[in-house]
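Coordinates from model-v9.cif are shown below (mmCIF, C-alpha atoms).
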data_target
#
loop_
_atom_site.label_atom_id
_atom_site.label_comp_id
_atom_site.auth_asym_id
_atom_site.auth_seq_id
_atom_site.Cartn_x
_atom_site.Cartn_y
_atom_site.Cartn_z
CA MET A 1 -14.85 -54.20 43.38
CA TYR A 2 -14.64 -52.14 46.56
CA ASP A 3 -13.02 -48.78 46.01
CA PHE A 4 -9.57 -47.96 47.35
CA ALA A 5 -7.02 -45.17 47.26
CA TYR A 6 -4.51 -45.66 44.46
CA ARG A 7 -0.91 -44.71 45.16
CA LYS A 8 2.07 -44.79 42.87
CA PRO A 9 5.29 -44.15 44.79
CA ALA A 10 8.47 -43.28 42.91
CA SER A 11 10.93 -45.13 45.14
CA VAL A 12 11.17 -48.48 46.89
CA ALA A 13 11.59 -46.64 50.21
CA ASP A 14 8.34 -44.71 49.70
CA ALA A 15 6.47 -47.87 48.66
CA VAL A 16 7.69 -49.71 51.75
CA LYS A 17 6.70 -46.77 53.95
CA LEU A 18 3.15 -46.83 52.56
CA LEU A 19 2.85 -50.59 53.09
CA ALA A 20 4.30 -50.35 56.61
CA THR A 21 2.16 -47.49 57.85
CA GLU A 22 -1.15 -48.67 56.40
CA PRO A 23 -2.02 -52.16 57.62
CA GLU A 24 -4.70 -52.62 54.94
CA ALA A 25 -2.56 -51.41 52.04
CA LYS A 26 -1.70 -53.92 49.31
CA ALA A 27 0.92 -53.84 46.59
CA ILE A 28 0.03 -54.34 42.93
CA ALA A 29 2.57 -55.54 40.36
CA GLY A 30 1.09 -56.70 37.02
CA GLY A 31 -2.32 -57.21 38.59
CA GLN A 32 -3.21 -60.29 36.54
CA THR A 33 -4.15 -62.18 39.70
CA PHE A 34 -4.75 -59.28 42.07
CA ILE A 35 -7.32 -57.42 39.93
CA PRO A 36 -9.48 -60.58 39.53
CA VAL A 37 -9.16 -61.09 43.31
CA LEU A 38 -10.37 -57.52 43.91
CA LYS A 39 -13.28 -58.03 41.49
CA GLN A 40 -14.41 -61.03 43.50
CA ARG A 41 -14.20 -58.95 46.67
CA LEU A 42 -11.88 -61.50 48.22
CA ASN A 43 -9.71 -58.63 49.38
CA LYS A 44 -10.58 -55.13 50.60
CA PRO A 45 -7.45 -53.00 50.66
CA SER A 46 -7.58 -49.42 51.94
CA SER A 47 -4.89 -48.49 49.43
CA VAL A 48 -3.37 -50.15 46.42
CA VAL A 49 0.31 -49.34 46.06
CA ASP A 50 1.44 -49.61 42.41
CA LEU A 51 5.02 -50.84 42.09
CA ALA A 52 5.27 -49.83 38.42
CA GLY A 53 7.11 -46.57 39.14
CA LEU A 54 10.03 -48.02 41.08
CA GLY A 55 12.32 -48.86 38.18
CA LEU A 56 12.30 -52.55 39.00
CA SER A 57 12.11 -54.01 35.52
CA GLY A 58 14.98 -55.26 33.43
CA ILE A 59 17.19 -58.25 32.71
CA SER A 60 20.96 -58.38 33.09
CA VAL A 61 23.72 -60.97 33.09
CA SER A 62 26.85 -60.51 35.16
CA GLY A 63 29.60 -63.10 35.37
CA ASN A 64 27.85 -65.61 37.58
CA ALA A 65 24.22 -64.55 37.71
CA LEU A 66 21.19 -63.72 35.60
CA THR A 67 19.22 -61.00 37.36
CA ILE A 68 15.59 -60.29 36.53
CA GLY A 69 13.94 -57.21 38.03
CA ALA A 70 10.75 -57.94 39.95
CA MET A 71 8.52 -55.93 37.61
CA THR A 72 9.82 -57.60 34.44
CA THR A 73 6.89 -59.03 32.49
CA HIS A 74 6.58 -62.66 31.44
CA ALA A 75 6.64 -61.49 27.80
CA ALA A 76 9.97 -59.72 28.34
CA VAL A 77 11.51 -62.82 29.96
CA ALA A 78 10.13 -65.07 27.22
CA ARG A 79 11.65 -63.05 24.38
CA SER A 80 14.92 -62.07 26.08
CA ALA A 81 17.95 -63.27 24.12
CA GLU A 82 19.97 -63.25 27.37
CA VAL A 83 17.52 -65.53 29.17
CA LYS A 84 17.21 -67.87 26.17
CA LYS A 85 20.98 -68.19 26.08
CA ALA A 86 21.69 -68.53 29.81
CA ILE A 87 18.64 -70.52 31.00
CA PRO A 88 16.49 -71.69 28.07
CA GLY A 89 14.07 -73.52 30.38
CA LEU A 90 13.23 -70.22 32.08
CA ALA A 91 12.37 -68.49 28.80
CA MET A 92 10.27 -71.51 27.83
CA LEU A 93 8.39 -71.39 31.14
CA ALA A 94 7.67 -67.66 30.80
CA SER A 95 6.34 -68.12 27.26
CA TRP A 96 3.70 -70.59 28.51
CA ILE A 97 2.25 -68.55 31.39
CA GLY A 98 -1.34 -67.47 30.72
CA ASP A 99 -1.83 -65.95 27.28
CA ASN A 100 -0.21 -63.11 25.32
CA GLN A 101 -2.24 -60.45 27.09
CA VAL A 102 -1.50 -61.81 30.57
CA ARG A 103 2.20 -62.08 29.70
CA HIS A 104 2.25 -58.41 28.67
CA ARG A 105 1.20 -57.36 32.19
CA GLY A 106 2.07 -60.16 34.63
CA THR A 107 5.44 -59.99 36.38
CA ILE A 108 7.91 -62.42 37.92
CA GLY A 109 7.86 -60.58 41.25
CA GLY A 110 4.08 -60.61 41.41
CA SER A 111 3.93 -64.31 40.64
CA LEU A 112 6.46 -65.16 43.35
CA ALA A 113 4.94 -62.92 46.01
CA ASN A 114 1.51 -64.47 45.37
CA ASN A 115 2.87 -68.05 45.35
CA ASP A 116 -0.21 -69.61 43.77
CA PRO A 117 0.14 -73.40 44.11
CA SER A 118 -0.38 -73.67 40.32
CA ALA A 119 1.96 -70.84 39.33
CA CYS A 120 4.87 -71.76 37.03
CA TYR A 121 7.65 -69.44 38.25
CA PRO A 122 8.08 -71.01 41.72
CA ALA A 123 9.19 -74.26 40.04
CA ALA A 124 11.99 -72.48 38.16
CA VAL A 125 13.11 -70.42 41.13
CA LEU A 126 13.32 -73.49 43.37
CA ALA A 127 14.92 -75.79 40.77
CA LEU A 128 17.54 -73.22 39.82
CA GLY A 129 18.37 -72.37 43.45
CA ALA A 130 17.62 -68.70 42.78
CA VAL A 131 17.81 -65.93 45.35
CA VAL A 132 14.84 -63.61 45.90
CA LYS A 133 16.10 -60.11 46.61
CA THR A 134 13.97 -57.70 48.60
CA ASN A 135 14.34 -54.21 50.03
CA LYS A 136 15.61 -55.87 53.23
CA ARG A 137 17.54 -59.02 52.40
CA ALA A 138 18.30 -61.87 50.05
CA ILE A 139 16.11 -64.97 50.55
CA LYS A 140 17.13 -68.38 49.23
CA ALA A 141 14.46 -70.15 47.19
CA ASP A 142 14.46 -73.03 49.68
CA ASP A 143 13.41 -70.59 52.42
CA PHE A 144 11.13 -68.37 50.35
CA PHE A 145 8.18 -70.64 49.57
CA GLN A 146 6.27 -71.51 52.74
CA GLY A 147 3.03 -73.09 51.57
CA MET A 148 -0.02 -72.20 49.51
CA PHE A 149 -0.12 -68.40 48.92
CA THR A 150 2.47 -68.07 51.71
CA THR A 151 6.04 -66.80 51.46
CA ALA A 152 8.82 -65.56 53.71
CA LEU A 153 7.95 -61.97 52.75
CA GLU A 154 7.01 -59.63 55.57
CA ALA A 155 4.18 -57.10 55.26
CA ASP A 156 6.56 -54.24 54.50
CA GLU A 157 8.86 -56.22 52.25
CA ILE A 158 8.95 -55.87 48.45
CA ILE A 159 10.70 -58.17 46.00
CA THR A 160 13.14 -56.08 43.98
CA ALA A 161 14.79 -58.76 41.82
CA VAL A 162 15.42 -62.45 41.38
CA GLU A 163 18.97 -63.66 40.93
CA PHE A 164 19.58 -66.95 39.11
CA PRO A 165 23.08 -68.39 39.61
CA LEU A 166 25.04 -69.24 36.44
CA PRO A 167 26.25 -71.24 34.62
CA VAL A 168 23.23 -73.48 34.16
CA GLU A 169 24.35 -76.55 32.25
CA THR A 170 20.86 -77.62 31.24
CA SER A 171 17.26 -76.74 32.11
CA ALA A 172 13.73 -77.39 30.92
CA TYR A 173 10.14 -76.91 32.02
CA GLU A 174 7.23 -79.11 31.08
CA LYS A 175 3.64 -78.74 32.16
CA PHE A 176 0.49 -80.76 31.90
CA ARG A 177 -2.27 -78.20 31.51
CA GLN A 178 -5.78 -78.39 32.85
CA PRO A 179 -7.53 -78.29 29.46
CA ALA A 180 -9.94 -75.42 30.21
CA SER A 181 -7.98 -73.09 32.50
CA ARG A 182 -4.61 -74.07 31.02
CA TYR A 183 -3.11 -73.82 34.52
CA ALA A 184 -0.52 -76.45 35.43
CA MET A 185 -2.14 -79.60 36.82
CA VAL A 186 1.47 -80.63 37.18
CA GLY A 187 4.49 -78.60 36.11
CA VAL A 188 8.06 -79.82 36.52
CA PHE A 189 11.24 -77.79 36.18
CA VAL A 190 14.47 -79.77 35.91
CA ALA A 191 17.90 -78.15 36.10
CA LYS A 192 21.57 -78.92 36.39
CA GLY A 193 23.45 -75.87 37.59
CA PRO A 194 25.37 -74.30 40.48
CA ALA A 195 22.68 -75.54 42.92
CA GLY A 196 23.21 -79.09 41.70
CA VAL A 197 20.66 -81.29 40.00
CA ARG A 198 17.19 -80.24 41.03
CA VAL A 199 13.62 -81.25 40.23
CA ALA A 200 10.84 -78.90 41.35
CA VAL A 201 7.12 -79.60 41.00
CA THR A 202 4.30 -77.05 40.87
CA GLY A 203 0.52 -77.46 40.48
CA ALA A 204 0.40 -80.74 42.36
CA GLY A 205 1.18 -80.04 46.00
CA GLN A 206 -1.31 -78.81 48.58
CA ASN A 207 1.48 -76.66 49.99
CA GLY A 208 2.70 -75.37 46.67
CA VAL A 209 6.03 -76.03 44.99
CA PHE A 210 8.28 -78.85 46.24
CA ARG A 211 11.42 -80.80 45.27
CA VAL A 212 11.68 -84.52 44.54
CA PRO A 213 14.95 -85.69 46.17
CA GLU A 214 14.74 -89.27 44.78
CA MET A 215 14.61 -87.94 41.23
CA GLU A 216 17.42 -85.48 41.91
CA ALA A 217 19.67 -88.26 43.19
CA ALA A 218 18.86 -90.50 40.22
CA LEU A 219 19.44 -87.72 37.69
CA ALA A 220 22.71 -86.70 39.35
CA LYS A 221 23.95 -90.21 38.60
CA SER A 222 22.50 -90.42 35.11
CA TRP A 223 20.81 -87.50 33.33
CA SER A 224 18.23 -89.38 31.28
CA PRO A 225 14.43 -89.86 31.28
CA ASP A 226 14.95 -93.58 31.97
CA ALA A 227 16.80 -92.83 35.20
CA ILE A 228 13.56 -91.61 36.83
CA ALA A 229 11.02 -93.77 34.99
CA ALA A 230 10.58 -96.16 37.91
CA ILE A 231 10.37 -93.50 40.63
CA LYS A 232 6.89 -93.23 42.11
CA VAL A 233 5.90 -90.08 43.97
CA SER A 234 3.61 -90.53 46.97
CA PRO A 235 0.11 -89.03 46.55
CA GLU A 236 0.23 -87.90 50.18
CA GLY A 237 -0.02 -84.11 50.37
CA LEU A 238 -1.02 -83.74 46.70
CA ASN A 239 -4.14 -81.93 45.48
CA SER A 240 -7.35 -83.80 44.78
CA ASP A 241 -10.06 -81.87 42.95
CA ILE A 242 -12.58 -82.17 40.11
CA HIS A 243 -9.74 -82.08 37.60
CA GLY A 244 -7.79 -85.01 39.00
CA SER A 245 -7.13 -87.09 42.10
CA ALA A 246 -3.93 -87.03 44.15
CA VAL A 247 -3.05 -90.47 42.76
CA TYR A 248 -3.47 -89.16 39.20
CA ARG A 249 -1.28 -86.15 39.93
CA ALA A 250 1.36 -88.36 41.56
CA HIS A 251 1.48 -90.45 38.37
CA LEU A 252 1.66 -87.31 36.22
CA ILE A 253 4.70 -86.01 38.11
CA THR A 254 6.87 -88.89 36.86
CA VAL A 255 5.46 -88.60 33.33
CA VAL A 256 6.00 -84.85 33.15
CA ALA A 257 9.44 -85.02 34.82
CA ARG A 258 10.58 -87.55 32.20
CA ARG A 259 9.37 -85.26 29.41
CA ALA A 260 11.22 -82.35 30.99
CA VAL A 261 14.47 -84.31 31.22
CA ALA A 262 14.06 -85.41 27.61
CA ALA A 263 13.52 -81.78 26.56
CA ALA A 264 16.62 -80.69 28.47
CA ALA A 265 18.85 -83.48 27.22
CA MET B 1 -11.18 -39.77 42.48
CA ALA B 2 -8.05 -39.10 40.52
CA LYS B 3 -7.51 -37.16 37.33
CA ILE B 4 -5.60 -39.09 34.69
CA SER B 5 -4.25 -38.07 31.30
CA LEU B 6 -3.52 -40.47 28.49
CA THR B 7 -3.59 -40.79 24.72
CA VAL B 8 -6.44 -42.76 23.16
CA ASN B 9 -6.39 -43.42 19.42
CA GLY B 10 -3.93 -40.58 18.94
CA LYS B 11 -5.93 -38.01 20.91
CA ALA B 12 -4.95 -36.62 24.30
CA VAL B 13 -7.74 -37.24 26.81
CA SER B 14 -8.15 -36.77 30.53
CA ALA B 15 -10.77 -38.12 32.90
CA GLU B 16 -11.71 -38.36 36.56
CA VAL B 17 -11.67 -41.97 37.71
CA GLU B 18 -11.95 -43.91 40.95
CA GLY B 19 -9.11 -46.17 42.04
CA ARG B 20 -11.23 -49.19 41.15
CA THR B 21 -12.29 -48.00 37.67
CA LEU B 22 -11.13 -50.51 35.08
CA LEU B 23 -9.54 -49.40 31.83
CA VAL B 24 -12.45 -50.94 29.89
CA GLU B 25 -14.93 -48.94 31.98
CA LEU B 26 -13.03 -45.74 31.26
CA LEU B 27 -13.07 -46.51 27.53
CA ARG B 28 -16.71 -47.51 27.30
CA GLU B 29 -18.44 -45.40 29.91
CA LYS B 30 -16.40 -42.20 30.11
CA LEU B 31 -15.02 -41.98 26.58
CA GLY B 32 -17.93 -43.62 24.75
CA LEU B 33 -15.68 -46.09 22.91
CA THR B 34 -18.06 -49.04 23.05
CA GLY B 35 -16.27 -51.01 20.35
CA THR B 36 -14.21 -52.59 23.13
CA HIS B 37 -16.47 -55.24 24.63
CA ILE B 38 -16.85 -56.77 28.07
CA GLY B 39 -17.37 -60.50 27.70
CA CYS B 40 -16.39 -62.63 30.66
CA ASP B 41 -14.96 -59.82 32.85
CA THR B 42 -12.57 -62.45 34.26
CA SER B 43 -9.59 -61.99 31.89
CA GLN B 44 -10.32 -65.12 29.91
CA CYS B 45 -12.32 -64.28 26.78
CA GLY B 46 -10.33 -61.43 25.23
CA ALA B 47 -13.33 -59.41 23.98
CA CYS B 48 -11.84 -56.38 25.78
CA VAL B 49 -8.34 -56.51 24.25
CA VAL B 50 -6.81 -53.12 23.42
CA HIS B 51 -3.23 -52.03 22.80
CA VAL B 52 -1.37 -50.34 25.65
CA ASN B 53 1.92 -48.83 24.48
CA GLY B 54 1.87 -51.30 21.59
CA ASP B 55 1.12 -54.47 23.54
CA SER B 56 -2.21 -56.33 23.55
CA VAL B 57 -3.75 -56.17 27.02
CA LYS B 58 -7.08 -57.25 28.53
CA SER B 59 -8.61 -53.92 29.48
CA CYS B 60 -10.88 -55.60 32.05
CA THR B 61 -7.74 -56.58 33.99
CA MET B 62 -6.01 -53.23 34.15
CA LEU B 63 -6.96 -50.25 36.28
CA ALA B 64 -7.68 -47.02 34.45
CA VAL B 65 -5.23 -45.21 36.75
CA GLN B 66 -2.49 -47.60 35.61
CA ALA B 67 -2.94 -46.18 32.10
CA GLU B 68 -1.79 -42.70 33.18
CA GLY B 69 0.51 -41.41 30.43
CA ALA B 70 -0.03 -44.49 28.25
CA GLU B 71 -0.89 -44.68 24.57
CA ILE B 72 -4.03 -46.72 24.04
CA THR B 73 -5.37 -47.98 20.73
CA THR B 74 -8.88 -49.41 20.50
CA ILE B 75 -10.78 -50.93 17.59
CA GLU B 76 -12.08 -47.41 16.79
CA GLY B 77 -8.53 -46.22 16.22
CA LEU B 78 -7.60 -48.66 13.44
CA ALA B 79 -9.33 -47.39 10.30
CA ALA B 80 -7.96 -44.34 8.49
CA ALA B 81 -9.78 -41.01 8.74
CA ASP B 82 -11.35 -41.58 5.32
CA GLY B 83 -12.78 -44.90 6.47
CA THR B 84 -10.19 -47.14 4.81
CA LEU B 85 -10.04 -50.26 6.94
CA HIS B 86 -6.87 -51.51 8.58
CA PRO B 87 -5.61 -54.56 6.61
CA MET B 88 -6.63 -56.83 9.49
CA GLN B 89 -10.17 -55.45 9.49
CA ALA B 90 -10.30 -55.77 5.70
CA MET B 91 -9.20 -59.40 5.85
CA PHE B 92 -11.70 -60.22 8.61
CA ARG B 93 -14.41 -58.90 6.24
CA GLU B 94 -12.93 -60.61 3.18
CA HIS B 95 -12.74 -64.02 4.89
CA HIS B 96 -15.98 -63.65 6.84
CA ALA B 97 -14.08 -64.15 10.11
CA LEU B 98 -17.10 -63.58 12.31
CA GLN B 99 -20.61 -64.69 12.99
CA CYS B 100 -22.18 -62.73 15.84
CA GLY B 101 -19.26 -60.32 16.01
CA PHE B 102 -19.05 -60.00 19.77
CA CYS B 103 -15.47 -61.29 20.03
CA THR B 104 -14.35 -59.50 16.86
CA PRO B 105 -12.90 -56.26 18.25
CA GLY B 106 -10.71 -58.22 20.68
CA MET B 107 -9.79 -60.74 18.00
CA VAL B 108 -8.71 -57.98 15.61
CA MET B 109 -6.65 -56.18 18.27
CA SER B 110 -4.93 -59.42 19.34
CA ALA B 111 -4.38 -60.47 15.72
CA ILE B 112 -2.62 -57.21 14.85
CA ASP B 113 -0.31 -57.62 17.85
CA ILE B 114 0.46 -61.24 16.88
CA VAL B 115 1.38 -60.29 13.30
CA ARG B 116 3.50 -57.33 14.44
CA LYS B 117 5.43 -59.44 16.97
CA HIS B 118 6.27 -62.14 14.41
CA PRO B 119 7.82 -60.44 11.38
CA GLU B 120 9.70 -63.67 10.67
CA GLY B 121 6.45 -65.39 9.67
CA LEU B 122 3.57 -67.31 11.24
CA SER B 123 2.39 -70.84 10.62
CA GLU B 124 -1.29 -71.72 10.97
CA ALA B 125 -0.48 -73.68 14.14
CA GLN B 126 1.32 -70.66 15.59
CA ILE B 127 -1.61 -68.36 14.84
CA ARG B 128 -3.94 -70.73 16.68
CA GLU B 129 -1.54 -70.98 19.63
CA GLU B 130 -1.07 -67.21 19.81
CA LEU B 131 -4.85 -66.70 19.87
CA GLU B 132 -5.08 -68.58 23.17
CA GLY B 133 -6.36 -65.51 25.01
CA ASN B 134 -9.35 -64.89 22.71
CA LEU B 135 -12.49 -66.98 22.72
CA CYS B 136 -15.11 -67.16 19.96
CA ARG B 137 -18.28 -69.00 20.95
CA CYS B 138 -19.65 -69.16 17.40
CA THR B 139 -16.77 -71.61 16.71
CA GLY B 140 -15.53 -69.27 14.04
CA TYR B 141 -11.81 -69.83 14.53
CA HIS B 142 -11.21 -71.33 11.10
CA ASN B 143 -11.96 -68.15 9.18
CA ILE B 144 -10.30 -65.99 11.83
CA VAL B 145 -7.05 -67.91 11.32
CA LYS B 146 -7.43 -67.53 7.54
CA ALA B 147 -7.98 -63.78 7.90
CA ILE B 148 -4.87 -63.35 10.05
CA ALA B 149 -2.74 -65.34 7.60
CA ALA B 150 -4.09 -63.19 4.77
CA ALA B 151 -3.38 -59.95 6.66
CA PHE B 152 0.21 -60.96 7.36
CA PRO B 153 1.68 -60.11 3.93
CA LEU B 154 -0.40 -56.93 3.75
CA MET B 155 0.97 -55.74 7.09
CA HIS B 156 4.54 -56.77 6.38
CA GLN B 157 4.39 -56.07 2.65
CA LYS B 158 5.75 -59.50 1.79
CA GLN B 159 4.57 -63.05 1.39
CA ALA B 160 3.78 -65.05 4.52
CA ALA B 161 6.43 -67.61 5.40
#
Can you present the structure in this file as C-alpha cells?
Amino acid sequence: MYDFAYRKPASVADAVKLLATEPEAKAIAGGQTFIPVLKQRLNKPSSVVDLAGLGLSGISVSGNALTIGAMTTHAAVARSAEVKKAIPGLAMLASWIGDNQVRHRGTIGGSLANNDPSACYPAAVLALGAVVKTNKRAIKADDFFQGMFTTALEADEIITAVEFPLPVETSAYEKFRQPASRYAMVGVFVAKGPAGVRVAVTGAGQNGVFRVPEMEAALAKSWSPDAIAAIKVSPEGLNSDIHGSAVYRAHLITVVARRAVAAAA
Amino acid sequence: MAKISLTVNGKAVSAEVEGRTLLVELLREKLGLTGTHIGCDTSQCGACVVHVNGDSVKSCTMLAVQAEGAEITTIEGLAAADGTLHPMQAMFREHHALQCGFCTPGMVMSAIDIVRKHPEGLSEAQIREELEGNLCRCTGYHNIVKAIAAAFPLMHQKQAA
C-alpha cells in the first residue's frame, strides 16, 4: 500500500472541504472494499478522509420513512428490530453481505458510493425507490446509479443517509452466490411499496443494478412466482465471465426473481 | 506518522503509525502480539480476526489509525492471568479443533463473538453459517463446530438450545 495522510474530520462540512480542496483525497467509510483496493495499489490517494467521526450512523423510523445513516454497518441493519419490522427484505439482504467480520465494518453509504456491480445494497435501494441524501441534495435511486462503479455523486459530495419510503407492503431479497467468493452472481430484490411494484437486479448487469419492467408489470397484476415464470430476460448487456455466461445469468434472473417473490409472499 | 492511543487486552498502549499501517501490523510488529496471524491478507481467511469494541473484525482490513480510542482484544487477551484458558480455548483443546493451528486464533476469536451474539442458542447449521469468514485448510471444521457447541453452555452457563 502506498502511504497517505490520514484525516478524521469532526463535521460533514470539514470532510467536504478536505475532499474539495485536495483533488487526490479519498473518503473511507467501512473500508471493506477500499482497504483491499489500496493494498492492490489500484488507487493512490494523497489523503484518506475517515467519515467515522461525522455522526452519520443510526436507524430511525418517522411516519413515512425509514432512515439509515450512511455510516450504519451491515450488522446494525441486519439486527435492527425497526428494519426487520418495516422492510424485512432489507434486513435479510444486510445479513447476507460478506461475512460477520465484514458486516461489522462495512457500511450502507460506502457500498452505495462504490456501486460495485455485484454489491447487494443497490438492488434494495432501487427496488424500494429510496432517496440517497448527501451534504448537497437528495438523489432519487433511479438517478443515483449510473453504471459500474459510477454514481451521481460529485467529488465533494458525501452520502449522509438513505431514506426508504414507507409503508412497504412486502419485500424480499434472494441471491445466487458465486460459490467461492459468495458474491452475487445474480441478486434480485422485489418490493411492493410507495414506489410501486419493483424488481431490481444486481450482479448480472455490465452497468450494475437495473430494473426489469416486464416483471414489474406482471407482478403488479398478480403477485406470485408463476406470474413471472415465463418472462425471459435478454442476455444483452449482462456479464460473461469464468463463473457464468450472459445467457446463464439471464436464465438465473428469472429463477432468482421467482424465489424472491415466493419468499415475499 | 501519527501517534495513536488505544486499549489492547485491557492495557493502555500508544504507538507511532503511518496512515497505511494495518491494525494487524500494529499488533504483530509494534506490540509483539504475534498470536494474531496474517493468512491471505485479502480479508477472506479470517486468521487475523480480533475483537474491536466487542465485534469480530479482520485486522488486515482495518487501518491502525482507525483503532484510535478503541478496545482491542486479541487471542493473547483471552486466558486469565493464572493461565486458566477461556472456555472457548479449553473446548478447542478438548475437542482437538485444530491440526496445524494456523487458523486457530482467528477461529477462536470469531467463535467467541458468534456465541456472545446468539444467547438464544445456536444450531450446528448456524455455527457453520456464522463461520463463513474463517477458513481452515486442514479441513478441520467438524471438530471446530463441536468445540463451539461445547463452549456455548460454558459461556452462557446453561445448556445449548
Exercise for the section: Give me the result of the PyMOL selection byres ((chain A) within 8 of (chain B)) on this file, residue by residue, as a PyMOL selection string. Expected result: chain A and resi 1-6+31-32+35-36+98-102+104-105
Exercise for the section: Record the distance separating atom CA of A:Ser46 and atom CA of A:Pro23, expressed in Å with one decimal. Expected result: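 So the answer is 8.4 Å.
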Practice task
Compare A:Gly58, A:Leu51, A:Gly63, A:Ala184 by their minimum atom-to-atom distance to A:Ile97, counting only C-alpha atoms, and give me the closest one.
Solution key: A:Ala184
Handout entry: Atomic separation - atom CA of A:Ala27 relative to atom CA of A:Gly89, Å
Key =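 Computing the Euclidean distance for atom CA of A:Gly89 and atom CA of A:Ala27 yields 28.7 Å.
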When you look at stretch 3-17 of chain B with a cut-off of 7 Å (counting only C-alpha atoms), what residues show up, excluding the ones that are within fewer than 3 positions of it in the same chain? I need them as a compact mmCIF listing (two decimals) with C-alpha atoms, in the frame of the given file.
# COMPACT_ATOMS: atom_id res chain seq x y z
CA THR B 21 -12.29 -48.00 37.67
CA VAL B 65 -5.23 -45.21 36.75
CA ALA B 67 -2.94 -46.18 32.10
CA GLU B 68 -1.79 -42.70 33.18
CA GLY B 69 0.51 -41.41 30.43
CA ALA B 70 -0.03 -44.49 28.25
CA GLU B 71 -0.89 -44.68 24.57
CA ILE B 72 -4.03 -46.72 24.04
CA THR B 73 -5.37 -47.98 20.73
CA THR B 74 -8.88 -49.41 20.50
CA GLY B 77 -8.53 -46.22 16.22
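For the pair atom CA of A:Leu219 and atom CA of A:Val255, the separation is 14.7 Å.
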Practice task
Just say which residues the PyMOL selection byres ((chain B and resi 148) around 12) picks in this file, as a ChimeraX atom specification.
Solution key: /B:87-97,107-116,121-128,130-131,141-147,149-155,160
Problem - Contact residues around B:Glu76 with only C-alpha atoms at 10 Å, ignoring same-chain residues under 3 positions, as an MDAnalysis selection string - result: chainID B and resid 8:9 33:36 73 79:80 105
Can I get the selection written as a PDB file, in the frame of the given file, with C-alpha atoms?
ATOM      1  CA  VAL B   8      -6.440 -42.760  23.160  1.00  0.00           C
ATOM      2  CA  ASN B   9      -6.390 -43.420  19.420  1.00  0.00           C
ATOM      3  CA  LEU B  33     -15.680 -46.090  22.910  1.00  0.00           C
ATOM      4  CA  THR B  34     -18.060 -49.040  23.050  1.00  0.00           C
ATOM      5  CA  GLY B  35     -16.270 -51.010  20.350  1.00  0.00           C
ATOM      6  CA  THR B  36     -14.210 -52.590  23.130  1.00  0.00           C
ATOM      7  CA  THR B  73      -5.370 -47.980  20.730  1.00  0.00           C
ATOM      8  CA  ALA B  79      -9.330 -47.390  10.300  1.00  0.00           C
ATOM      9  CA  ALA B  80      -7.960 -44.340   8.490  1.00  0.00           C
ATOM     10  CA  PRO B 105     -12.900 -56.260  18.250  1.00  0.00           C
TER      11      PRO B 105
END
Residue IDs satisfying the PyMOL selection byres ((chain A and resi 216) around 9), as an mmCIF file with C-alpha atoms, in the coordinates of the input:
data_model
loop_
_atom_site.group_PDB
_atom_site.id
_atom_site.type_symbol
_atom_site.label_atom_id
_atom_site.label_comp_id
_atom_site.auth_asym_id
_atom_site.auth_seq_id
_atom_site.Cartn_x
_atom_site.Cartn_y
_atom_site.Cartn_z
ATOM 1 C CA VAL A 190 14.470 -79.770 35.910
ATOM 2 C CA GLY A 196 23.210 -79.090 41.700
ATOM 3 C CA VAL A 197 20.660 -81.290 40.000
ATOM 4 C CA ARG A 198 17.190 -80.240 41.030
ATOM 5 C CA VAL A 199 13.620 -81.250 40.230
ATOM 6 C CA ARG A 211 11.420 -80.800 45.270
ATOM 7 C CA VAL A 212 11.680 -84.520 44.540
ATOM 8 C CA PRO A 213 14.950 -85.690 46.170
ATOM 9 C CA GLU A 214 14.740 -89.270 44.780
ATOM 10 C CA MET A 215 14.610 -87.940 41.230
ATOM 11 C CA ALA A 217 19.670 -88.260 43.190
ATOM 12 C CA ALA A 218 18.860 -90.500 40.220
ATOM 13 C CA LEU A 219 19.440 -87.720 37.690
ATOM 14 C CA ALA A 220 22.710 -86.700 39.350
ATOM 15 C CA LYS A 221 23.950 -90.210 38.600
ATOM 16 C CA ILE A 228 13.560 -91.610 36.830
#
Exercise for the section: Excluding A:Val49 and any residue of its chain fewer than 4 positions from it, enumerate the residues within 9 Å of it, using all atoms listed in the file, and give them as a list in words. Expected result: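 Answer for this query is Ala5, Tyr6, Arg7, Lys8, Pro9, Ala15, Leu18, Leu19, Ala25, Lys26, Ala27, Ile28 and Ala29 of chain A.
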Problem - Among the residues A:Tyr121, A:Asp156, A:Arg249, A:Ser60, the one that comes closest to A:Ala13 [using only C-alpha atoms] - result: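 So, comparing all the options, the nearest one is A:Asp156.
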